[in-house]
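Asks: Right, I'll just put the structure down here and ask away after.
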4 protein chains.
Amino acid sequence: MATPMPFNSTREGEDLQRLYREVRGQTRVLIAELSDADATAQSMPDASPAKWHLAHTTWFFETMVLLPHDPGYIEFEPRFAFLFNSYYETVGARHARPKRGLLTRPSLEQIGCYREHVDQALTRLLDRPLNPQVRALIQLGCHHEQQHQELLLTDILHLFSENPLRPAYSSVPHRPRPVAAHAPAGYTQYEEATVEIGHAGEDFAFDCEGPRHRVIRPACRLANRCVTNREWLEFVADGGYEKPLIWLSDGWTEVQRQGWTAPLYWWEEDGANFTMTLHGAQSLELDAPVAHVSYFEADAFATWKGKRLPTEFEWEAAAQLAPCEGNFADSGLLRAMPAPGLGSGPQQLFGDVWEWTRSSFSAYPGFRTPAGAVGEYNGKFMSGQYVLRGGSCVTPAKHIRATYRNFFRPDTRWQFSGVRLAEDA
Amino acid sequence: MATPMPFNSTREGEDLQRLYREVRGQTRVLIAELSDADATAQSMPDASPAKWHLAHTTWFFETMVLLPHDPGYIEFEPRFAFLFNSYYETVGARHARPKRGLLTRPSLEQIGCYREHVDQALTRLLDRPLNPQVRALIQLGCHHEQQHQELLLTDILHLFSENPLRPAYSSVPHRPRPVAAHAPAGYTQYEEATVEIGHAGEDFAFDCEGPRHRVIRPACRLANRCVTNREWLEFVADGGYEKPLIWLSDGWTEVQRQGWTAPLYWWEEDGANFTMTLHGAQSLELDAPVAHVSYFEADAFATWKGKRLPTEFEWEAAAQLAPCEGNFADSGLLRAMPAPGLGSGPQQLFGDVWEWTRSSFSAYPGFRTPAGAVGEYNGKFMSGQYVLRGGSCVTPAKHIRATYRNFFRPDTRWQFSGVRLAEDA
Amino acid sequence: MATPMPFNSTREGEDLQRLYREVRGQTRVLIAELSDADATAQSMPDASPAKWHLAHTTWFFETMVLLPHDPGYIEFEPRFAFLFNSYYETVGARHARPKRGLLTRPSLEQIGCYREHVDQALTRLLDRPLNPQVRALIQLGCHHEQQHQELLLTDILHLFSENPLRPAYSSVPHRPRPVAAHAPAGYTQYEEATVEIGHAGEDFAFDCEGPRHRVIRPACRLANRCVTNREWLEFVADGGYEKPLIWLSDGWTEVQRQGWTAPLYWWEEDGANFTMTLHGAQSLELDAPVAHVSYFEADAFATWKGKRLPTEFEWEAAAQLAPCEGNFADSGLLRAMPAPGLGSGPQQLFGDVWEWTRSSFSAYPGFRTPAGAVGEYNGKFMSGQYVLRGGSCVTPAKHIRATYRNFFRPDTRWQFSGVRLAEDA
Amino acid sequence: MATPMPFNSTREGEDLQRLYREVRGQTRVLIAELSDADATAQSMPDASPAKWHLAHTTWFFETMVLLPHDPGYIEFEPRFAFLFNSYYETVGARHARPKRGLLTRPSLEQIGCYREHVDQALTRLLDRPLNPQVRALIQLGCHHEQQHQELLLTDILHLFSENPLRPAYSSVPHRPRPVAAHAPAGYTQYEEATVEIGHAGEDFAFDCEGPRHRVIRPACRLANRCVTNREWLEFVADGGYEKPLIWLSDGWTEVQRQGWTAPLYWWEEDGANFTMTLHGAQSLELDAPVAHVSYFEADAFATWKGKRLPTEFEWEAAAQLAPCEGNFADSGLLRAMPAPGLGSGPQQLFGDVWEWTRSSFSAYPGFRTPAGAVGEYNGKFMSGQYVLRGGSCVTPAKHIRATYRNFFRPDTRWQFSGVRLAEDA
């Protein structure tokens with residue numbers, strides 16, 4: 001994360017207090033219907049228990065803010081530092097990631113007390129005048145917690161998908177949105193141009209979103225909406241998962257190794273298609289964007305269609321022109337929805353599903369990893385990952401922006417990851 | 001298991017009711033201090049969650065007794081058959097063993113309702129006149145549940161040992177028993193003789209304990225007590241874990257692969273030795289029997305001492321002459337204790353720790369696997385396992401007898417498994 | 001091997017010279033048709049290159065006999081000690097087993113020079129008066145080399161089976177032996193008796209064949225011949241590889257993990273059955289004994305037939321009464337042949353195929369591992385292996401006897417391993 | 001490869017004949033000192049046997065050129081199509097890659113006959129007028145064979161490095177080049193500019209080298225020579241392999257998993273540093289460029305130095321200005337050499353070692369995979385790989401150019417891969 005931009009305005013103190021209170025409160029809301037056991041289990045090494053997310057985000061404030069910057073702060077439980085460090089080598093040893101699900105103690109209730117303890121200390125700290133660096137760390141902690149809010153939801157969905165009883169995370173019933181038509185997606189054309197890419201200005205952004213720099217964006221065309229479940233069913237029906245020639249070599253290896261025949265969470269029963277959602281098992285909604293596909297699947301689909309995936313620069317240049325609105329976690333739907341009646345230009349750039357780009361996650365020109373623990377935030381993951389853009393139906397609305405770069409390995413499927421097609425103009 | 005012996009006495013109905021009530025009640029007692037999360041987690045594929053043990057033993061009565069023999073019985077939840085079948089191919093598909101820890105639902109409370117439901121139906125059934133075969137199945141179910149009572153404790157210990165906080169299962173404080181002296185173990189000599197081995201008579205026994213048959217027991221000598229932690233520390237100090245020549249070839253492979261340097265659950269801190277117990281972390285009690293060693297370690301220790309492990313026939317012939325008494329789960333100590341003042345002949349044959357024998361688990365002459373699901377109880381495991389004898393500090397007292405054959409793979413360490421030495425006379 | 005029996009007769013010197021010359025010469029014969037590349041490749045970690053067998057048996061004489069007992073001996077190449085030690089921890093470090101196939105140097109020709117060098121020194125040594133211990137070591141080295149002669153053939157067969165061109169090891173054409181009838185196998189009955197088991201006397205035997213001791217052999221019946229390919233085809237046709245209930249639990253795991261559907265080296269082409277042999281691809285000979293089956297398959301077949309495998313004691317007691325004759329490597333057929341017209345009592349006990357017994361490889365009462373490197377010969381393998389008896393069509397005739405105990409893991413298939421059925425009387 | 005540029009000049013026929021003859025002859029030269037066994041063994045799945053390289057390159061001409069375009073051509077051995085297809089899904093089934101080392105037959109001599117057979121047919125074909133597409137395929141086959149010439153050398157080096165005898169591939173003695181001084185590397189500065197990247201024109205190039213397109217190259221500085229063994233020793237001495245903070249997250253995982261402590265092929269003996277080369281074991285030459293380092297090591301080294309790796313565009317823009325000359329395979333040295341006396345600007349851009357860039361291997365704007373088997377040449381590998389530039393001491397001189405893009409996974413070490421540093425200006 002490195003050098004998060006400091007606040008400037010005179011109203012800044014108030015804003016940071018509100019941000020902290022809102023974010024921390026929202027995390028509590030997310031776990032309202034989870035049992036101690038639900039919050040403890042870990043379904044795979046890539047996922048973490050809900051309890052761990054609750055504690056780790058709290059540990060972040062304790063370790064990065066309170067311990068170095070609040071002389072009167074008394075640690076809640078010194079052994080938590082070992083349990084809830086994620087990957088910060090700078091900070092010290094840590095519990096093995098694949099064993100997070102074995103921590104039946106501390107209980108969910110005790111973790112709640114831990115959060116309360118840190119919240120009180122942090123709130124007291126925020127009442128005092130703070131130097132910009134401390135304010136920046138608190139701000140970073142809030143954005144960090146928003147990331148874990150999304151992961152908490154994706155991880156619970158994966159856990160519940162492994163339970164043959166297919167429990168629902170949310171007791172709010174899901175009501176499909178009626179869609180008039182399912183027209184083929186149109187394309188919007190862009191001419192070759194030199195564009196500015198990356199974050200600038202004083203609002204918050206992660207270090208990897210900058211420095212802002214100029215890039216030649218070639219002439220290209222972008223689809224006006226995301227690929228739908230209906231289109232993906234055609235791909236499956238046409239033997240998409242059986243044709244080695246449309247897959248990247250590594251992708252075909254994964255298809256065979258993992259036995260992929262459809263997106264994650266899909267299954268067929270008595271001729272009907274279902275998918276696992278945060279509302280439990282649901283019929284597959286044909287006009288909703290396909291979700292839970294890997295980069296390899298996204299790339300193969302695009303090849304099958306005679307198209308390709310966009311670069312992250314093509315995506316960002318288009319998104320700079322669009323409002324940052326969409327179906328985010330705040331809607332409470334927690335599921336990708338069909339694109340609204342198509343206006344002009346690309347829709348659905350924000351929300352619903354993260355969009356795989358063909359860009360490897362790498363440093364922008366002039367990027368330097370900052371010193372200290374926050375330097376381990378993004379830079380050390382710049383190999384083997386692809387950039388996704390735009391946020392999803394489980395991303396907090398205030399967390400996203402046009403320059404935001406998410407990244408995952410190309411075989412990842414448990415995120416709400418989908419596809420927008422592109423082609424050379 | 002196969003053809004469990006039927007009851008004969010006129011009082012039999014009453015006895016079976018009491019047995020069922022006692023066993024089922026004891027299982028409830030065992031989980032009194034566990035949280036929902038404690039009861040859900042699975043620390044390795046060989047171990048199962050407490051909740052699973054609770055449900056699986058209940059499923060056994062439902063599937064083997066109620067569904068086939070009680071026409072009025074209504075299943076509690078048909079999907080549980082898939083979740084809680086352990087390994088009975090005859091009975092149908094089942095949930096993958098390594099994923100038992102992902103079943104955060106049903107909750108511990110719901111499992112309690114399931115147990116209640118089956119208990120009520122079983123109790124009603126036991127009020128009626130029953131044919132011997134049904135009675136035998138209920139009796140088998142009780143002994144089956146006793147086995148899982150022991151596993152529940154060994155599995156919780158393993159789970160808690162994986163938690164850096166090292167929680168205690170039992171809030172009862174552990175008080176070491178004062179021991180006057182730690183004399184070297186004497187040996188008892190036996191001459192060559194033809195002995196009768198295996199179960200006979202009408203009491204309950206598992207199928208693999210019979211048929212009773214004659215065996216030539218060679219002249220030999222058996223140690224009068226189990227190997228102690230003090231002796232094992234000498235083995236460690238002498239480089240026992242670094243000398244390939246005293247190990248079986250497969251054992252040496254495991255030493256290197258798993259990095260063994262001491263029994264499971266041992267560690268050193270500031271020059272003192274500790275071990276993880278059901279009472280949490282405890283100082284190593286020097287005169288208590290060593291526990292949590294594999295067959296490979298037991299064999300290497302014996303070779304280092306210039307001795308060997310006993311065969312299961314040597315052990316059983318000696319145990320036929322001893323009372324079936326010792327430190328079992330019923331004592332509530334839940335930890336192996338130093339041998340009492342040494343009387344004449346072998347002490348500690350029963351209780352404290354299971355004793356590895358050098359006998360592979362195999363069929364006695366004339367053994368045949370019974371038909372049906374109960375035929376899958378023991379026979380299909382007759383490869384790659386070694387026999388252990390005598391029960392441990394977490395075995396129910398009523399579960400054990402001189403003919404009882406426990407069996408585990410030679411690299412197993414999470415059971416309360418220890419060592420008694422033997423030698424040729 | 002420990003304490004190989006010394007020679008006693010006055011003619012002993014001459015005998016040992018002849019034994020050495022014959023055995024060493026026979027090894028040379030075995031590789032006459034192999035190229036340098038054939039002799040270098042290693043098809044799996046369990047198998048070794050022919051060149052390695054040639055060098056390792058030579059290294060054995062050099063290390064165990066010449067270096068300690070011939071003061072004037074000059075090592076051929078000191079670095080060979082590292083390359084060609086198999087598993088003797090006493091002797092020092094060694095090359096990683098799975099990498100034996102990477103030793104393209106030394107060449108086959110250079111290995112020939114190494115053999116020549118050692119043969120000359122050994123022959124000179126044998127001209128001198130030798131103490132009994134040295135004579136015993138030389139004798140052991142000859143029997144050791146005979147074991148590797150068999151392994152050389154089984155390993156070459158495995159290597160050639162991995163080559164889609166299916167080359168033949170032997171250019172001698174294979175002519176099936178006409179068989180009049182394929183009567184079902186009869187059984188020979190044995191009453192309960194106390195029998196003497198194990199080696200006694202002054203002829204050579206491996207340490208694990210003794211001490212001779214008394215065992216109660218229960219009443220039983222043994223099949224008069226081995227199970228045939230014809231019978232195995234019935235097993236396959238009846239879905240033998242698809243019925244979990246007839247398999248040991250570990251066996252069923254292997255069936256699924258390795259995808260077994262028939263013995264190793266079998267395949268079907270255009271409705272006809274073929275098998276890979278040392279003569280290349282051949283039609284399956286229906287009345288020949290089935291070969292290349294694992295213990296797990298042998299056990300499942302027996303269960304399917306309502307029989308069981310014999311114990312090694314049952315086998316040995318029967319074999320004590322039979323002449324030690326059969327289809328060994330010396331016949332040059334190098335393939336299991338149909339049983340000859342059935343006489344009275346068990347036929348084919350020796351030769352054709354090794355017969356799996358249900359006995360785990362373990363120590364006889366009073367067995368002790370000898371000191372020194374030869375102590376690593378057998379004892380350290382006494383876990384996880386089953387005993388096979390009787391030798392095969394690739395075993396040297398002079399190598400076998402009624403007390404001989406071969407042993408392999410229960411999933412092993414590349415040896416010439418077959419099945420004789422037994423049942424309780 | 002897709003659409004290799006056709007020849008235009010009138011002298012083209014003659015040129016192609018000479019190219020074919022030279023390339024094929026050069027391959028023969030490379031194996032002059034290898035035995036049949038040397039040419040058969042495979043030291044890891046990523047490497048192939050020399051024999052396989054010889055046959056596969058021949059198979060390429062047979063399958064892509066002769067079978068479709070020479071009606072009179074008679075296949076040498078139809079079963080070779082299965083054995084020697086590398087990864088062309090379009091062309092049909094193929095032998096499992098990790099089992100290439102088991103093909104002891106056909107022999108090296110038979111492969112020679114196969115090459116002869118195809119050479120005769122191809123030479124006859126080249127005497128006839130050919131359409132541009134066929135000519136392009138033959139040209140592609142020649143460049144393909146040059147790639148395998150380099151791989152043959154890197155694979156033999158790896159094989160010989162696994163042999164404790166450390167044989168030399170080349171009997172030509174290695175003479176170190178005296179170097180006057182080992183000045184620190186200077187840097188050459190470049191200003192931000194729009195540069196043209198990628199192949200254009202009518203000379204041969206692989207498909208992934210185009211289309212030529214414009215890119216904004218930011219202001220930057222490039223080192224004037226490659227990182228040397230001397231500098232790498234400082235990195236090792238400073239604990240470079242023990243500091244997680246300078247490594248990419250995936251890189252640190254590899255360091256621990258594989259136990260890296262130095263470049264591949266390095267070892268220490270009695271305080272001196274050695275490395276395995278095609279001349280056998282050699283003292284480490286301090287001023288020669290470090291070779292056999294992975295991308296992860298290159299990146300960690302750069303971070304440790306406070307620098308970074310160049311992008312492939314930065315490299316190519318600099319290389320466009322330099323002559324395509326250097327220490328290639330044609331020099332016969334077969335080892336990276338110290339940079340010559342430093343002139344102005346970057347030296348050593350070509351030859352000695354491939355230079356890792358921080359650019360993931362991906363498609364240039366407008367790139368499309370061609371139809372047919374040649375379409376499987378590059379495009380399907382565009383995930384998980386990094387671009388290397390400039391060729392090495394085992395690359396044929398005529399094979400390389402400024403636009404040439406080599407690519408390997410970031411953990412690859414057996415290629416002659418090294419490091420040039422860069423930094424932001």
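Here, A, B, ... name the chains of the structure tokens in the order displayed, residue numbers run from 1 inside each chain, and ligands are numbered from 1 in the same displayed order.
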Show me, as a ChimeraX atom specification, the residues of chain D whose atoms get within 8 Å of chain C, using only C-alpha atoms for the distance check.
Replies: /D:36-38,40-43,79,83,101-105,107,159,162-165,167
Asks: Write down as an MDAnalysis selection string the residues belonging to range 258-414 of chain D that are assigned alpha helix (DSSP H) by DSSP computed on the backbone.
Replies: chainID D and resid 258 295:304 312:319
Asks: Taking N, CA and C atoms for each residue, export the selection above as a PDB file, in the first residue's frame.
Replies:
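And here's result20.pdb as it stands now:
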```pdb
ATOM      1  N   GLN D 258      12.175 -25.487  -2.702  1.00  0.00           N
ATOM      2  CA  GLN D 258      13.265 -26.142  -3.414  1.00  0.00           C
ATOM      3  C   GLN D 258      14.611 -25.995  -2.704  1.00  0.00           C
ATOM      4  N   TYR D 295      13.665 -16.323 -12.808  1.00  0.00           N
ATOM      5  CA  TYR D 295      13.106 -14.969 -12.768  1.00  0.00           C
ATOM      6  C   TYR D 295      12.993 -14.500 -11.333  1.00  0.00           C
ATOM      7  N   PHE D 296      12.552 -15.416 -10.452  1.00  0.00           N
ATOM      8  CA  PHE D 296      12.385 -15.028  -9.053  1.00  0.00           C
ATOM      9  C   PHE D 296      13.715 -14.558  -8.440  1.00  0.00           C
ATOM     10  N   GLU D 297      14.792 -15.276  -8.762  1.00  0.00           N
ATOM     11  CA  GLU D 297      16.087 -14.858  -8.253  1.00  0.00           C
ATOM     12  C   GLU D 297      16.534 -13.542  -8.884  1.00  0.00           C
ATOM     13  N   ALA D 298      16.306 -13.410 -10.189  1.00  0.00           N
ATOM     14  CA  ALA D 298      16.678 -12.173 -10.871  1.00  0.00           C
ATOM     15  C   ALA D 298      15.961 -10.991 -10.241  1.00  0.00           C
ATOM     16  N   ASP D 299      14.677 -11.146  -9.979  1.00  0.00           N
ATOM     17  CA  ASP D 299      13.882 -10.060  -9.404  1.00  0.00           C
ATOM     18  C   ASP D 299      14.356  -9.736  -7.985  1.00  0.00           C
ATOM     19  N   ALA D 300      14.653 -10.779  -7.190  1.00  0.00           N
ATOM     20  CA  ALA D 300      15.101 -10.542  -5.812  1.00  0.00           C
ATOM     21  C   ALA D 300      16.451  -9.838  -5.806  1.00  0.00           C
ATOM     22  N   PHE D 301      17.329 -10.254  -6.708  1.00  0.00           N
ATOM     23  CA  PHE D 301      18.632  -9.606  -6.800  1.00  0.00           C
ATOM     24  C   PHE D 301      18.462  -8.122  -7.114  1.00  0.00           C
ATOM     25  N   ALA D 302      17.607  -7.824  -8.078  1.00  0.00           N
ATOM     26  CA  ALA D 302      17.393  -6.432  -8.474  1.00  0.00           C
ATOM     27  C   ALA D 302      16.848  -5.631  -7.296  1.00  0.00           C
ATOM     28  N   THR D 303      15.907  -6.190  -6.565  1.00  0.00           N
ATOM     29  CA  THR D 303      15.344  -5.485  -5.410  1.00  0.00           C
ATOM     30  C   THR D 303      16.419  -5.225  -4.363  1.00  0.00           C
ATOM     31  N   TRP D 304      17.230  -6.255  -4.151  1.00  0.00           N
ATOM     32  CA  TRP D 304      18.326  -6.124  -3.192  1.00  0.00           C
ATOM     33  C   TRP D 304      19.269  -4.985  -3.575  1.00  0.00           C
ATOM     34  N   GLU D 312      10.418  -5.742 -21.502  1.00  0.00           N
ATOM     35  CA  GLU D 312      10.924  -6.199 -22.799  1.00  0.00           C
ATOM     36  C   GLU D 312      10.963  -5.064 -23.820  1.00  0.00           C
ATOM     37  N   PHE D 313      10.150  -4.026 -23.590  1.00  0.00           N
ATOM     38  CA  PHE D 313      10.151  -2.904 -24.532  1.00  0.00           C
ATOM     39  C   PHE D 313      11.396  -2.049 -24.323  1.00  0.00           C
ATOM     40  N   GLU D 314      11.737  -1.836 -23.073  1.00  0.00           N
ATOM     41  CA  GLU D 314      12.979  -1.105 -22.787  1.00  0.00           C
ATOM     42  C   GLU D 314      14.171  -1.829 -23.409  1.00  0.00           C
ATOM     43  N   TRP D 315      14.185  -3.150 -23.263  1.00  0.00           N
ATOM     44  CA  TRP D 315      15.289  -3.928 -23.813  1.00  0.00           C
ATOM     45  C   TRP D 315      15.330  -3.810 -25.339  1.00  0.00           C
ATOM     46  N   GLU D 316      14.170  -4.009 -25.963  1.00  0.00           N
ATOM     47  CA  GLU D 316      14.131  -4.054 -27.426  1.00  0.00           C
ATOM     48  C   GLU D 316      14.486  -2.695 -28.026  1.00  0.00           C
ATOM     49  N   ALA D 317      14.001  -1.642 -27.387  1.00  0.00           N
ATOM     50  CA  ALA D 317      14.327  -0.303 -27.902  1.00  0.00           C
ATOM     51  C   ALA D 317      15.836  -0.066 -27.862  1.00  0.00           C
ATOM     52  N   ALA D 318      16.492  -0.548 -26.808  1.00  0.00           N
ATOM     53  CA  ALA D 318      17.956  -0.406 -26.740  1.00  0.00           C
ATOM     54  C   ALA D 318      18.634  -1.311 -27.760  1.00  0.00           C
ATOM     55  N   ALA D 319      18.130  -2.502 -27.918  1.00  0.00           N
ATOM     56  CA  ALA D 319      18.784  -3.480 -28.791  1.00  0.00           C
ATOM     57  C   ALA D 319      18.657  -3.118 -30.252  1.00  0.00           C
TER      58      ALA D 319
END
```
Asks: Excluding Ala32 in chain C and any residue of its chain fewer than 5 positions from it, enumerate the residues within 12 Å of it, using only C-alpha atoms, and give them as a list in words.
Replies: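 Residues near the query, excluding close chain neighbours: Gly25, Gln26, Thr27, Asp38, Ala39, Ala50, Leu108, Glu109, Gly112, Tyr169, Ser170 and Ser171 of chain C.
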Asks: Taking N, CA and C atoms for each residue, export the selection above as a compact mmCIF listing (two decimals), in the first residue's frame.
Replies:
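The resulting again-v7.txt:
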```txt
# COMPACT_ATOMS: atom_id res chain seq x y z
N GLY C 25 28.81 -65.69 -14.63
CA GLY C 25 28.69 -65.93 -16.07
C GLY C 25 27.24 -65.81 -16.53
N GLN C 26 26.33 -66.32 -15.71
CA GLN C 26 24.92 -66.29 -16.08
C GLN C 26 24.41 -64.85 -16.20
N THR C 27 24.89 -63.98 -15.33
CA THR C 27 24.48 -62.56 -15.41
C THR C 27 24.90 -61.97 -16.76
N ASP C 38 19.26 -49.54 -23.35
CA ASP C 38 18.38 -50.48 -22.65
C ASP C 38 18.85 -50.69 -21.22
N ALA C 39 20.15 -50.79 -21.06
CA ALA C 39 20.72 -51.13 -19.77
C ALA C 39 20.82 -49.93 -18.84
N ALA C 50 19.41 -52.23 -15.77
CA ALA C 50 20.22 -53.45 -15.88
C ALA C 50 21.67 -53.16 -15.50
N LEU C 108 27.82 -49.20 -20.39
CA LEU C 108 27.69 -50.65 -20.22
C LEU C 108 29.05 -51.32 -20.39
N GLU C 109 29.83 -50.83 -21.31
CA GLU C 109 31.15 -51.42 -21.54
C GLU C 109 32.05 -51.22 -20.32
N GLY C 112 31.21 -53.52 -17.68
CA GLY C 112 31.81 -54.83 -17.98
C GLY C 112 33.25 -54.91 -17.50
N TYR C 169 12.61 -58.71 -25.25
CA TYR C 169 13.91 -58.90 -24.62
C TYR C 169 14.62 -60.08 -25.23
N SER C 170 13.88 -61.12 -25.50
CA SER C 170 14.47 -62.36 -25.98
C SER C 170 14.09 -62.58 -27.43
N SER C 171 15.09 -62.85 -28.24
CA SER C 171 14.79 -63.09 -29.65
C SER C 171 14.40 -64.54 -29.89
```
Asks: Just to confirm, what's the straight-line distance from CA of Pro396 in chain D to CA of Gln146 in chain D in Å (one decimal)?
Replies: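 For CA of Pro396 in chain D relative to CA of Gln146 in chain D, the distance reads 6.6 Å.
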Asks: Could you please determine the separation between CA of Leu222 in chain B and CA of Gln189 in chain B in Å, to one decimal place?
Replies: 6.6 Å
Asks: Find the spatial neighbours of Thr90 in chain C, counting only C-alpha atoms, within a cut-off of 12 Å - ignore same-chain residues fewer than 3 positions away - and output them as a JSON list (two decimals) with C-alpha atoms, in the first residue's frame.
Replies:
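That gives us around-v7.json:
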```json
[["chain", "number", "residue", "atom", "x", "y", "z"],
["B", 243, "LYS", "CA", 20.30, -43.75, 13.90],
["B", 244, "PRO", "CA", 18.96, -45.41, 10.78],
["B", 245, "LEU", "CA", 20.23, -48.82, 11.79],
["B", 246, "ILE", "CA", 17.77, -49.29, 14.64],
["C", 63, "THR", "CA", 32.67, -53.89, -0.52],
["C", 64, "MET", "CA", 31.81, -56.92, 1.57],
["C", 85, "ASN", "CA", 25.23, -48.96, -2.85],
["C", 86, "SER", "CA", 21.56, -49.92, -2.71],
["C", 87, "TYR", "CA", 20.37, -49.29, 0.83],
["C", 93, "ALA", "CA", 25.95, -42.38, 1.51],
["C", 94, "ARG", "CA", 24.45, -43.43, -1.78],
["C", 371, "ALA", "CA", 25.49, -57.15, 13.27],
["C", 372, "GLY", "CA", 27.17, -55.26, 10.42],
["C", 373, "ALA", "CA", 26.09, -54.40, 6.91],
["C", 374, "VAL", "CA", 24.68, -57.85, 6.13],
["C", 375, "GLY", "CA", 22.29, -57.27, 9.01],
["C", 376, "GLU", "CA", 20.46, -54.84, 6.73],
["C", 377, "TYR", "CA", 19.59, -57.62, 4.32]]
```
Asks: Find the residues around Arg335 in chain B up to 9 Å (only C-alpha atoms counted), leave out those fewer than 6 positions away in its own chain, and share them as a PyMOL selection string.
Replies: chain B and resi 174+277-279+288+327-329+352-353+392-394+416
Asks: Please produce a file of the residues just selected, as a short mmCIF file (atom, residue, chain, number, x, y, z; two decimals), in the first residue's frame, where the atoms kept are N, CA, C and O atoms.
Replies:
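Contents of out_35.cif, as written:
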```
data_model
loop_
_atom_site.label_atom_id
_atom_site.label_comp_id
_atom_site.auth_asym_id
_atom_site.auth_seq_id
_atom_site.Cartn_x
_atom_site.Cartn_y
_atom_site.Cartn_z
N HIS B 174 -5.52 -31.48 36.68
CA HIS B 174 -4.76 -32.73 36.70
C HIS B 174 -3.81 -32.72 37.88
O HIS B 174 -3.02 -31.80 38.04
N THR B 277 -1.96 -32.40 26.59
CA THR B 277 -2.89 -33.40 27.15
C THR B 277 -4.31 -32.88 27.07
O THR B 277 -4.54 -31.72 26.69
N LEU B 278 -5.24 -33.70 27.51
CA LEU B 278 -6.64 -33.26 27.56
C LEU B 278 -6.85 -32.22 28.66
O LEU B 278 -7.92 -31.62 28.75
N HIS B 279 -5.83 -32.00 29.46
CA HIS B 279 -5.85 -30.91 30.44
C HIS B 279 -5.04 -29.71 29.93
O HIS B 279 -4.65 -28.86 30.72
N ALA B 288 5.39 -41.74 34.07
CA ALA B 288 4.20 -42.22 33.35
C ALA B 288 4.64 -42.93 32.07
O ALA B 288 5.72 -42.67 31.55
N ASN B 327 -6.34 -48.08 34.55
CA ASN B 327 -6.70 -46.68 34.43
C ASN B 327 -7.40 -46.44 33.09
O ASN B 327 -6.76 -46.18 32.08
N PHE B 328 -8.74 -46.57 33.12
CA PHE B 328 -9.55 -46.38 31.91
C PHE B 328 -10.20 -45.00 31.93
O PHE B 328 -10.04 -44.24 32.89
N ALA B 329 -10.97 -44.73 30.88
CA ALA B 329 -11.65 -43.42 30.81
C ALA B 329 -12.52 -43.17 32.03
O ALA B 329 -12.70 -42.02 32.45
N ASP B 352 -4.24 -47.25 30.72
CA ASP B 352 -3.11 -46.32 30.52
C ASP B 352 -2.78 -46.11 29.03
O ASP B 352 -3.08 -45.06 28.49
N VAL B 353 -2.10 -47.07 28.42
CA VAL B 353 -1.82 -46.93 26.98
C VAL B 353 -2.07 -48.26 26.26
O VAL B 353 -1.84 -49.34 26.82
N SER B 392 -6.72 -48.09 26.87
CA SER B 392 -5.95 -46.94 27.33
C SER B 392 -6.76 -46.12 28.33
O SER B 392 -7.90 -46.48 28.66
N CYS B 393 -6.18 -45.01 28.74
CA CYS B 393 -6.83 -44.12 29.71
C CYS B 393 -8.04 -43.39 29.12
O CYS B 393 -8.71 -42.65 29.84
N VAL B 394 -8.29 -43.56 27.82
CA VAL B 394 -9.51 -42.98 27.25
C VAL B 394 -10.45 -44.06 26.70
O VAL B 394 -11.39 -43.76 25.97
N PHE B 416 -3.55 -43.07 22.11
CA PHE B 416 -2.75 -43.24 23.33
C PHE B 416 -2.03 -44.59 23.23
O PHE B 416 -2.39 -45.56 23.89
#
```
Asks: Residues at most 9 Å from Thr403 in chain D, counting only C-alpha atoms, excluding those fewer than 3 positions away in the same chain, as a list of chain:residue names?
Replies: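 These residues fall inside the cut-off: D:Ile197, D:Gly198, D:His199, D:Ala205, D:Glu209, D:Gly210, D:Glu316, D:Ala319, D:Gln320, D:Arg389, D:Gly390, D:Ile400.
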